[in-house]
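Visitor: Structure file input.txt (compact mmCIF, C-alpha atoms) is given on the next line.
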```txt
# COMPACT_ATOMS: atom_id res chain seq x y z
CA MET A 776 -9.05 41.40 -13.03
CA GLU A 777 -9.99 40.73 -16.66
CA THR A 778 -7.03 38.35 -16.97
CA ARG A 779 -8.08 36.47 -13.85
CA GLY A 780 -11.66 36.30 -15.11
CA ALA A 781 -10.53 34.93 -18.47
CA PHE A 782 -8.33 32.37 -16.72
CA ASN A 783 -11.20 31.20 -14.53
CA HIS A 784 -13.40 30.93 -17.61
CA VAL A 785 -10.82 28.71 -19.32
CA VAL A 786 -10.51 26.51 -16.21
CA LEU A 787 -14.29 26.10 -16.08
CA LEU A 788 -14.40 25.24 -19.77
CA LEU A 789 -11.65 22.62 -19.35
CA ALA A 790 -13.41 21.08 -16.34
CA ALA A 791 -16.71 20.96 -18.20
CA THR A 792 -15.03 19.41 -21.24
CA SER A 793 -13.41 16.75 -19.01
CA LEU A 794 -16.72 15.91 -17.36
CA LEU A 795 -18.44 15.67 -20.74
CA ALA A 796 -15.67 13.40 -22.04
CA THR A 797 -15.98 11.12 -19.01
CA ALA A 798 -19.75 11.02 -19.34
CA ALA A 799 -19.44 10.35 -23.06
CA SER A 800 -17.05 7.45 -22.46
CA LYS A 801 -19.51 5.89 -20.03
CA ASP A 802 -22.41 6.40 -22.46
CA ARG A 803 -20.28 4.95 -25.23
CA CYS A 804 -20.57 1.47 -23.75
CA HIS A 805 -19.34 -0.73 -26.58
CA SER A 806 -22.07 -2.84 -28.14
CA GLY A 807 -19.82 -5.91 -28.23
CA ASP A 808 -18.97 -5.56 -24.53
CA LYS A 809 -22.64 -5.10 -23.62
CA ALA A 810 -23.62 -8.17 -25.66
CA ALA A 811 -20.90 -10.27 -24.00
CA LEU A 812 -21.95 -9.19 -20.50
CA LEU A 813 -25.62 -9.91 -21.19
CA ALA A 814 -24.59 -13.34 -22.51
CA VAL A 815 -22.67 -13.96 -19.26
CA LYS A 816 -25.78 -12.99 -17.29
CA ALA A 817 -28.01 -15.27 -19.37
CA ALA A 818 -25.62 -18.22 -19.09
CA LEU A 819 -25.78 -17.94 -15.29
CA GLY A 820 -29.59 -17.94 -15.36
CA ASN A 821 -30.17 -14.18 -15.06
CA PRO A 822 -29.57 -14.14 -11.29
CA TYR A 823 -30.53 -11.23 -9.07
CA HIS A 824 -26.81 -10.48 -8.62
CA PHE A 825 -26.89 -8.87 -12.07
CA ALA A 826 -30.10 -6.89 -11.55
CA SER A 827 -28.36 -3.67 -12.63
CA TRP A 828 -27.37 -5.23 -15.95
CA THR A 829 -30.23 -3.94 -18.08
CA PRO A 830 -30.02 -3.19 -21.82
CA ASP A 831 -31.36 0.34 -21.32
CA ASP A 832 -28.44 1.41 -19.11
CA PRO A 833 -24.79 1.91 -20.19
CA CYS A 834 -22.82 -1.19 -19.25
CA CYS A 835 -20.12 0.98 -17.65
CA ASP A 836 -22.69 1.83 -14.95
CA TRP A 837 -23.42 -1.80 -14.18
CA TYR A 838 -22.45 -3.39 -10.88
CA ASP A 839 -19.19 -5.43 -11.02
CA VAL A 840 -18.10 -3.76 -14.30
CA ASP A 841 -15.13 -1.42 -14.74
CA CYS A 842 -14.52 0.57 -17.92
CA ASP A 843 -11.54 2.48 -19.28
CA ALA A 844 -12.29 6.18 -18.81
CA SER A 845 -10.95 7.18 -22.22
CA THR A 846 -12.18 4.35 -24.44
CA GLY A 847 -15.32 3.20 -22.66
CA ARG A 848 -14.27 -0.43 -23.16
CA VAL A 849 -14.84 -2.95 -20.37
CA VAL A 850 -11.46 -3.67 -18.73
CA GLY A 851 -12.59 -5.20 -15.44
CA LEU A 852 -15.21 -7.72 -14.31
CA SER A 853 -15.35 -8.59 -10.59
CA VAL A 854 -18.11 -10.94 -9.46
CA PHE A 855 -17.87 -11.68 -5.75
CA GLN A 856 -19.61 -12.71 -2.52
CA ASP A 857 -22.88 -14.31 -3.58
CA ALA A 858 -23.79 -17.75 -2.23
CA ASN A 859 -26.84 -17.87 -4.51
CA LEU A 860 -24.96 -17.55 -7.80
CA THR A 861 -24.80 -21.01 -9.38
CA GLY A 862 -23.51 -22.52 -12.61
CA THR A 863 -20.16 -22.53 -14.37
CA ILE A 864 -17.94 -19.71 -15.62
CA PRO A 865 -19.59 -18.78 -18.95
CA ASP A 866 -17.68 -19.05 -22.23
CA ALA A 867 -19.26 -15.70 -23.15
CA VAL A 868 -16.65 -13.95 -21.02
CA ALA A 869 -14.30 -14.38 -23.99
CA GLY A 870 -16.25 -11.63 -25.75
CA LEU A 871 -14.76 -9.04 -23.40
CA VAL A 872 -11.69 -8.70 -25.58
CA HIS A 873 -10.22 -5.68 -23.72
CA LEU A 874 -10.55 -7.28 -20.28
CA GLN A 875 -7.52 -6.75 -18.03
CA SER A 876 -8.89 -8.01 -14.71
CA LEU A 877 -11.29 -10.93 -14.19
CA VAL A 878 -12.37 -11.86 -10.66
CA TRP A 879 -14.74 -14.63 -9.51
CA HIS A 880 -14.42 -14.59 -5.71
CA HIS A 881 -16.32 -16.09 -2.79
CA LEU A 882 -18.94 -17.79 -4.95
CA PRO A 883 -19.34 -21.18 -3.22
CA ALA A 884 -21.88 -22.53 -5.73
CA LEU A 885 -19.83 -21.65 -8.83
CA SER A 886 -18.60 -25.01 -10.16
CA GLY A 887 -17.21 -26.83 -13.17
CA PRO A 888 -13.80 -26.44 -14.80
CA ILE A 889 -11.96 -23.28 -15.81
CA PRO A 890 -13.20 -22.78 -19.40
CA PRO A 891 -10.77 -22.66 -22.36
CA ALA A 892 -12.52 -19.45 -23.45
CA ILE A 893 -10.46 -17.57 -20.85
CA ALA A 894 -7.35 -18.22 -22.96
CA LYS A 895 -8.77 -15.78 -25.54
CA LEU A 896 -8.50 -12.84 -23.11
CA SER A 897 -5.10 -11.77 -24.42
CA ASN A 898 -5.04 -8.49 -22.45
CA LEU A 899 -5.67 -10.12 -19.08
CA SER A 900 -3.19 -9.13 -16.37
CA GLN A 901 -5.10 -10.39 -13.30
CA LEU A 902 -7.10 -13.61 -13.08
CA THR A 903 -8.75 -14.51 -9.78
CA ILE A 904 -10.99 -17.53 -9.29
CA SER A 905 -11.02 -18.13 -5.54
CA TRP A 906 -13.26 -19.47 -2.78
CA THR A 907 -15.47 -21.35 -5.26
CA ALA A 908 -16.36 -24.96 -6.07
CA VAL A 909 -14.48 -24.79 -9.38
CA SER A 910 -12.77 -28.13 -10.07
CA GLY A 911 -10.64 -29.90 -12.67
CA PRO A 912 -7.02 -29.06 -13.48
CA VAL A 913 -5.09 -25.82 -13.47
CA PRO A 914 -5.31 -25.54 -17.25
CA SER A 915 -2.16 -25.48 -19.35
CA PHE A 916 -3.87 -23.00 -21.69
CA LEU A 917 -3.35 -20.29 -19.07
CA GLY A 918 0.15 -20.14 -20.54
CA ALA A 919 -1.40 -18.24 -23.47
CA LEU A 920 -2.12 -15.22 -21.23
CA THR A 921 1.21 -13.53 -21.87
CA LYS A 922 0.30 -10.29 -20.05
CA LEU A 923 -0.69 -12.05 -16.84
CA THR A 924 0.96 -10.64 -13.70
CA LEU A 925 -1.23 -12.21 -10.99
CA LEU A 926 -2.90 -15.63 -10.93
CA ASP A 927 -5.06 -16.48 -7.91
CA LEU A 928 -6.82 -19.86 -8.00
CA SER A 929 -6.86 -20.41 -4.23
CA PHE A 930 -9.56 -22.12 -2.14
CA ASN A 931 -11.10 -24.25 -4.88
CA SER A 932 -11.21 -27.98 -5.67
CA LEU A 933 -8.55 -28.06 -8.37
CA THR A 934 -6.64 -31.29 -8.96
CA GLY A 935 -3.63 -32.50 -10.92
CA ALA A 936 -0.24 -30.89 -11.37
CA VAL A 937 0.78 -27.26 -11.79
CA PRO A 938 1.27 -26.86 -15.57
CA ALA A 939 4.77 -26.07 -16.82
CA THR A 940 3.27 -23.53 -19.24
CA LEU A 941 2.94 -21.05 -16.38
CA ALA A 942 6.73 -20.85 -16.20
CA ALA A 943 6.88 -19.27 -19.65
CA LEU A 944 4.78 -16.22 -18.73
CA PRO A 945 7.14 -13.21 -18.90
CA SER A 946 5.28 -10.85 -16.53
CA LEU A 947 3.89 -13.27 -13.96
CA SER A 948 5.07 -12.38 -10.45
CA GLY A 949 2.27 -13.61 -8.19
CA ILE A 950 0.74 -17.12 -8.03
CA ASN A 951 -1.70 -18.34 -5.38
CA LEU A 952 -2.78 -21.98 -5.72
CA SER A 953 -3.21 -22.68 -2.01
CA ARG A 954 -6.07 -24.74 -0.55
CA ASN A 955 -6.71 -27.05 -3.46
CA ARG A 956 -5.98 -30.74 -4.10
CA LEU A 957 -2.97 -30.34 -6.34
CA THR A 958 -0.35 -33.07 -6.71
CA GLY A 959 3.03 -33.48 -8.37
CA ALA A 960 6.13 -31.33 -8.31
CA ILE A 961 6.72 -27.60 -8.78
CA PRO A 962 7.60 -26.84 -12.44
CA PRO A 963 11.38 -26.28 -12.58
CA LEU A 964 11.28 -22.74 -14.03
CA LEU A 965 8.20 -21.41 -12.26
CA LEU A 966 8.50 -17.63 -11.67
CA SER A 967 12.04 -17.68 -13.09
CA ARG A 968 11.04 -14.87 -15.47
CA SER A 969 9.38 -12.71 -12.82
CA PRO A 970 10.35 -9.10 -13.58
CA ASP A 971 10.13 -7.99 -9.94
CA GLN A 972 9.64 -9.47 -6.49
CA ALA A 973 7.87 -12.82 -6.67
CA TYR A 974 5.01 -14.13 -4.54
CA LEU A 975 4.07 -17.82 -4.40
CA TRP A 976 1.45 -19.58 -2.29
CA LEU A 977 1.10 -23.37 -2.63
CA SER A 978 0.02 -24.26 0.92
CA HIS A 979 -2.51 -26.95 1.83
CA ASN A 980 -2.15 -29.18 -1.22
CA ASN A 981 -0.74 -32.67 -1.81
CA MET A 982 2.31 -31.61 -3.80
CA SER A 983 5.66 -33.40 -3.51
CA GLY A 984 9.21 -33.51 -4.79
CA ALA A 985 12.14 -31.18 -4.32
CA ILE A 986 12.35 -27.41 -4.50
CA PRO A 987 13.44 -26.39 -8.02
CA ALA A 988 17.12 -25.44 -8.09
CA GLY A 989 16.11 -22.28 -9.96
CA PHE A 990 14.24 -20.99 -6.91
CA ALA A 991 17.60 -19.91 -5.46
CA ALA A 992 17.73 -17.19 -8.13
CA VAL A 993 14.08 -16.05 -7.88
CA ASN A 994 13.62 -12.76 -6.02
CA PHE A 995 10.94 -13.98 -3.62
CA ALA A 996 9.28 -11.58 -1.22
CA HIS A 997 6.68 -14.08 -0.02
CA LEU A 998 6.88 -17.89 -0.23
CA ASP A 999 4.43 -20.31 1.35
CA LEU A 1000 4.90 -24.04 0.64
CA SER A 1001 3.38 -25.23 3.92
CA ARG A 1002 1.31 -28.40 4.41
CA ASN A 1003 2.46 -30.42 1.42
CA ALA A 1004 4.86 -33.35 1.03
CA PHE A 1005 7.89 -31.48 -0.31
CA ALA A 1006 11.27 -32.93 0.61
CA GLY A 1007 14.99 -32.40 0.24
CA ASP A 1008 17.18 -29.33 0.53
CA ALA A 1009 15.52 -25.90 0.88
CA SER A 1010 18.67 -24.04 1.93
CA GLY A 1011 18.87 -22.29 -1.46
CA LEU A 1012 15.89 -20.17 -0.47
CA PHE A 1013 17.93 -18.47 2.24
CA GLY A 1014 20.63 -15.81 1.97
CA ARG A 1015 21.43 -12.59 3.83
CA GLY A 1016 21.09 -10.35 0.80
CA LYS A 1017 17.72 -11.71 -0.35
CA GLU A 1018 14.54 -9.64 -0.16
CA LEU A 1019 12.46 -12.49 1.30
CA GLN A 1020 10.10 -11.23 4.00
CA TYR A 1021 7.72 -14.15 4.56
CA LEU A 1022 8.75 -17.82 4.48
CA ASP A 1023 6.55 -20.76 5.48
CA LEU A 1024 7.94 -24.26 4.84
CA SER A 1025 6.10 -25.90 7.74
CA ARG A 1026 4.67 -29.43 7.69
CA ASN A 1027 6.73 -30.92 4.88
CA ALA A 1028 9.73 -33.28 4.84
CA PHE A 1029 12.58 -30.83 4.19
CA SER A 1030 16.01 -31.89 5.41
CA PHE A 1031 19.03 -29.58 5.40
CA ASN A 1032 21.53 -28.02 7.78
CA LEU A 1033 20.10 -24.77 9.16
CA SER A 1034 23.46 -23.83 10.72
CA VAL A 1035 25.03 -22.92 7.39
CA VAL A 1036 22.31 -20.65 5.98
CA GLY A 1037 22.20 -16.88 6.09
CA LEU A 1038 18.84 -15.47 7.04
CA PRO A 1039 17.32 -12.75 4.80
CA GLU A 1040 17.59 -9.52 6.77
CA GLN A 1041 14.05 -8.34 5.94
CA LEU A 1042 12.33 -11.46 7.29
CA TYR A 1043 9.29 -10.78 9.47
CA PHE A 1044 7.80 -14.32 9.37
CA MET A 1045 9.65 -17.65 9.31
CA ASP A 1046 8.01 -21.01 9.99
CA VAL A 1047 9.99 -24.17 9.21
CA SER A 1048 8.35 -26.34 11.88
CA HIS A 1049 7.44 -30.00 11.38
CA ASN A 1050 10.26 -30.99 9.03
CA ALA A 1051 13.53 -32.94 9.39
CA ILE A 1052 15.90 -29.95 9.56
CA SER A 1053 19.22 -30.49 11.35
CA GLY A 1054 22.09 -28.36 12.64
CA GLY A 1055 21.60 -25.40 14.93
CA ILE A 1056 19.78 -22.08 14.96
CA PRO A 1057 21.93 -19.32 13.40
CA ALA A 1058 22.92 -16.68 15.96
CA GLN A 1059 21.96 -14.09 13.36
CA VAL A 1060 18.27 -14.63 14.17
CA ALA A 1061 18.63 -12.49 17.31
CA ASN A 1062 19.55 -9.47 15.19
CA LEU A 1063 16.65 -9.59 12.72
CA THR A 1064 14.80 -6.43 13.73
CA ASN A 1065 11.66 -7.13 11.65
CA LEU A 1066 11.17 -10.73 12.73
CA GLN A 1067 7.81 -11.10 14.49
CA PHE A 1068 7.14 -14.83 14.08
CA PHE A 1069 9.77 -17.57 14.27
CA ASN A 1070 9.07 -21.31 14.58
CA VAL A 1071 11.59 -24.14 14.24
CA SER A 1072 9.75 -26.66 16.43
CA TYR A 1073 9.42 -30.37 15.57
CA ASN A 1074 12.75 -30.74 13.77
CA ARG A 1075 16.16 -32.31 14.54
CA LEU A 1076 17.99 -29.22 15.71
CA CYS A 1077 20.70 -29.20 18.36
CA GLY A 1078 22.73 -26.67 20.32
CA ALA A 1079 21.90 -23.52 22.22
CA VAL A 1080 18.97 -21.29 21.41
CA PRO A 1081 20.47 -17.87 20.57
CA THR A 1082 20.08 -15.19 23.23
CA GLY A 1083 19.97 -11.42 23.32
CA GLY A 1084 18.70 -9.09 20.65
CA HIS A 1085 15.08 -9.75 19.87
CA MET A 1086 14.91 -13.35 21.10
CA GLY A 1087 12.54 -12.35 23.91
CA ARG A 1088 9.75 -12.24 21.32
CA PHE A 1089 9.75 -16.02 20.98
CA ASP A 1090 8.52 -18.51 23.57
CA LEU A 1091 8.86 -22.24 24.22
CA PHE A 1092 6.54 -23.15 21.36
CA SER A 1093 8.98 -21.76 18.81
CA PHE A 1094 11.65 -24.33 19.75
CA GLN A 1095 10.01 -27.40 21.33
CA HIS A 1096 10.30 -31.00 20.12
CA ASN A 1097 13.79 -30.89 18.62
CA LYS A 1098 16.59 -33.42 18.96
CA CYS A 1099 18.83 -31.57 21.41
CA LEU A 1100 18.16 -27.83 21.54
CA CYS A 1101 18.89 -26.29 24.92
CA GLY A 1102 18.74 -23.03 26.83
CA THR A 1103 16.06 -20.40 27.43
CA PRO A 1104 13.12 -20.59 26.91
CA LEU A 1105 13.44 -24.40 26.94
CA ALA A 1106 13.43 -26.22 30.28
CA ASN A 1107 16.74 -28.02 29.68
CA PRO A 1108 19.84 -25.85 30.24
CA CYS A 1109 22.90 -26.13 28.05
CA ASN A 1110 25.85 -27.98 29.59
```
Go ahead and render the structure in this file as structure tokens.
Guide:
Amino acid sequence: METRGAFNHVVLLLAATSLLATAASKDRCHSGDKAALLAVKAALGNPYHFASWTPDDPCCDWYDVDCDASTGRVVGLSVFQDANLTGTIPDAVAGLVHLQSLVWHHLPALSGPIPPAIAKLSNLSQLTISWTAVSGPVPSFLGALTKLTLLDLSFNSLTGAVPATLAALPSLSGINLSRNRLTGAIPPLLLSRSPDQAYLWLSHNNMSGAIPAGFAAVNFAHLDLSRNAFAGDASGLFGRGKELQYLDLSRNAFSFNLSVVGLPEQLYFMDVSHNAISGGIPAQVANLTNLQFFNVSYNRLCGAVPTGGHMGRFDLFSFQHNKCLCGTPLANPCN
């Protein structure tokens, strides 16, 4: 009994020590981090959104702020969902030198360009600026963020080309630039250094040109190039052994022979509608057990629609408006 009592006493001591350490780390809010956050608040006009940001309270207790439990340094800042927050992204954010995650999301009155000060955040692994009125280019200085793994600049008013400097980032595996006004071609080596599965969203822009040849070697899990003006051969994206699960090439000007491609066996979504794709539909599509959405409409395909397997999941709208496709579920039978 004495042994058990001593053990319980030690456990209680350890738990109390852990709680004290956690509390101490929160109270140890770094003076430089607090000053930087208060400067961010002031630059945005001291809005109500930051009402909890008061000098008398530890900054690790403030709304939108995340601190490292052991060091007490600010590692995350997530400002989101406030239609009343106006202004531009403050340069003062550069004072958060240990920042790993920076999020500005669903702030429709946040405007201006992405500030060069962000390039000083050398520990940043996630940068999200989305659903805002931020404009100007996707800055080339983002190539200085060598620890970046995820870049989300979707649903903004960004213009110009995707900078080639992004291709040099060694850990970057996810890029979302959809719903902007971007132009130009995809940088040739984009995501070529991705250490794991790659994710790329470029939909709803005004981009053009061919798919980079290097994309054939990128381990994509999710690729959305829809609603642009891309053209040429996209067959290199396909292949039975690839880990691609989601592919949307719809509403471009791609032209290649679909008959000769192997479909990735993990595909659950494939939309290549509204292009100039020729050939026929590979019979393999009927055997893709995960495939839930399949659309090849508005192309130049010919031959019989495959039957059997899982083809019953797809209706007329998946195949309509092609050159000479035939068979169920289309109205014209095959001769």
Visitor: Please provide the set of residues having any atom within 12 Å of range 1030-1040 of chain A, restricted to all atoms listed in the file, with same-chain residues fewer than 4 positions apart removed, written as a compact mmCIF listing (two decimals) with C-alpha atoms, in the coordinates of the input.
Guide:
```
# COMPACT_ATOMS: atom_id res chain seq x y z
CA ALA A 985 12.14 -31.18 -4.32
CA ILE A 986 12.35 -27.41 -4.50
CA ASN A 994 13.62 -12.76 -6.02
CA PHE A 995 10.94 -13.98 -3.62
CA ALA A 996 9.28 -11.58 -1.22
CA HIS A 997 6.68 -14.08 -0.02
CA PHE A 1005 7.89 -31.48 -0.31
CA ALA A 1006 11.27 -32.93 0.61
CA GLY A 1007 14.99 -32.40 0.24
CA ASP A 1008 17.18 -29.33 0.53
CA ALA A 1009 15.52 -25.90 0.88
CA SER A 1010 18.67 -24.04 1.93
CA GLY A 1011 18.87 -22.29 -1.46
CA LEU A 1012 15.89 -20.17 -0.47
CA PHE A 1013 17.93 -18.47 2.24
CA GLY A 1014 20.63 -15.81 1.97
CA ARG A 1015 21.43 -12.59 3.83
CA GLY A 1016 21.09 -10.35 0.80
CA LYS A 1017 17.72 -11.71 -0.35
CA GLU A 1018 14.54 -9.64 -0.16
CA LEU A 1019 12.46 -12.49 1.30
CA GLN A 1020 10.10 -11.23 4.00
CA TYR A 1021 7.72 -14.15 4.56
CA LEU A 1022 8.75 -17.82 4.48
CA LEU A 1024 7.94 -24.26 4.84
CA SER A 1025 6.10 -25.90 7.74
CA ARG A 1026 4.67 -29.43 7.69
CA PHE A 1044 7.80 -14.32 9.37
CA MET A 1045 9.65 -17.65 9.31
CA VAL A 1047 9.99 -24.17 9.21
CA SER A 1048 8.35 -26.34 11.88
CA HIS A 1049 7.44 -30.00 11.38
CA ASN A 1050 10.26 -30.99 9.03
CA ALA A 1051 13.53 -32.94 9.39
CA ILE A 1052 15.90 -29.95 9.56
CA SER A 1053 19.22 -30.49 11.35
CA GLY A 1054 22.09 -28.36 12.64
CA GLY A 1055 21.60 -25.40 14.93
CA ILE A 1056 19.78 -22.08 14.96
CA PRO A 1057 21.93 -19.32 13.40
CA ALA A 1058 22.92 -16.68 15.96
CA GLN A 1059 21.96 -14.09 13.36
CA VAL A 1060 18.27 -14.63 14.17
CA ALA A 1061 18.63 -12.49 17.31
CA ASN A 1062 19.55 -9.47 15.19
CA LEU A 1063 16.65 -9.59 12.72
CA THR A 1064 14.80 -6.43 13.73
CA ASN A 1065 11.66 -7.13 11.65
CA LEU A 1066 11.17 -10.73 12.73
CA PHE A 1069 9.77 -17.57 14.27
CA VAL A 1071 11.59 -24.14 14.24
CA ASN A 1074 12.75 -30.74 13.77
CA ARG A 1075 16.16 -32.31 14.54
CA LEU A 1076 17.99 -29.22 15.71
CA CYS A 1077 20.70 -29.20 18.36
CA GLY A 1078 22.73 -26.67 20.32
CA ALA A 1079 21.90 -23.52 22.22
CA VAL A 1080 18.97 -21.29 21.41
CA PRO A 1081 20.47 -17.87 20.57
```
Visitor: State, in Å with one decimal place, the distance from CA of Arg968 in chain A to CA of Gln875 in chain A.
Guide: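 Atom-to-atom, CA of Arg968 in chain A and CA of Gln875 in chain A are spaced 20.4 Å apart.
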Visitor: Of the candidates A:Pro970, A:Gly807, A:Pro938, A:Gly1102, which one gets nearest to Gly870 in chain A if we count all atoms listed in the file?
Guide: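 For Gly870 in chain A, the nearest of the candidates is A:Gly807.
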Visitor: Let me make sure I understand: among A:Thr907, A:Thr1103, A:Ser967, A:Asn1070, which one has the smallest atom-to-atom distance to Gly989 in chain A if we use only C-alpha atoms?
Guide: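 Selected residue with least distance to Gly989 in chain A: A:Ser967.
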Visitor: Using all atoms listed in the file, pick whichever of A:Ala858, A:Ala943, A:Ile961, A:Ala988 has the shortest atom-to-atom distance to Leu1000 in chain A.
Guide: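 Counting all atoms listed in the file, the residue closest to Leu1000 in chain A is A:Ile961.
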Visitor: Work out how far apart CA of Asn981 in chain A and CA of Gly887 in chain A are and give it in Å to one decimal.
Guide: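 Taking CA of Asn981 in chain A and CA of Gly887 in chain A, their separation equals 20.8 Å.
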Visitor: Nearest to Ser978 in chain A: which of A:Ile904, A:Ala1004, A:Leu944, A:Ala936 is it, counting only C-alpha atoms?
Guide: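 For Ser978 in chain A, the nearest of the given residues is A:Ala1004.
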Visitor: For CA of Ala814 in chain A and CA of Ala869 in chain A, determine how far apart the two atoms are, in Å to one decimal place.
Guide: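 Pair CA of Ala814 in chain A / CA of Ala869 in chain A returns 10.4 Å.
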Visitor: Identify which of the residues A:Lys1098, A:Arg1002, A:Arg956, A:Lys922 lies closest to Ser897 in chain A, counting only C-alpha atoms when measuring atom-to-atom distances.
Guide: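 Ranked by minimum distance to Ser897 in chain A, first place goes to A:Lys922.
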Visitor: Would you pick out the contacts of Asn1003 in chain A at 6 Å or less, using all atoms listed in the file, so that residues sharing its chain but fewer than 5 positions from it are not included, and give the list as a short mmCIF file (atom, residue, chain, number, x, y, z; two decimals) with C-alpha atoms, in the coordinates of the input?
Guide:
```cif
data_model
loop_
_atom_site.label_atom_id
_atom_site.label_comp_id
_atom_site.auth_asym_id
_atom_site.auth_seq_id
_atom_site.Cartn_x
_atom_site.Cartn_y
_atom_site.Cartn_z
CA ASN A 980 -2.15 -29.18 -1.22
CA ASN A 981 -0.74 -32.67 -1.81
CA MET A 982 2.31 -31.61 -3.80
CA ASN A 1027 6.73 -30.92 4.88
#
```
Visitor: In terms of the shortest atom-to-atom distance over only C-alpha atoms, which of A:Pro1104, A:Leu819, A:Gly847, A:Thr934 is closest to Met1086 in chain A?
Guide: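 When distances to Met1086 in chain A are compared using only C-alpha atoms, the smallest one comes from A:Pro1104.
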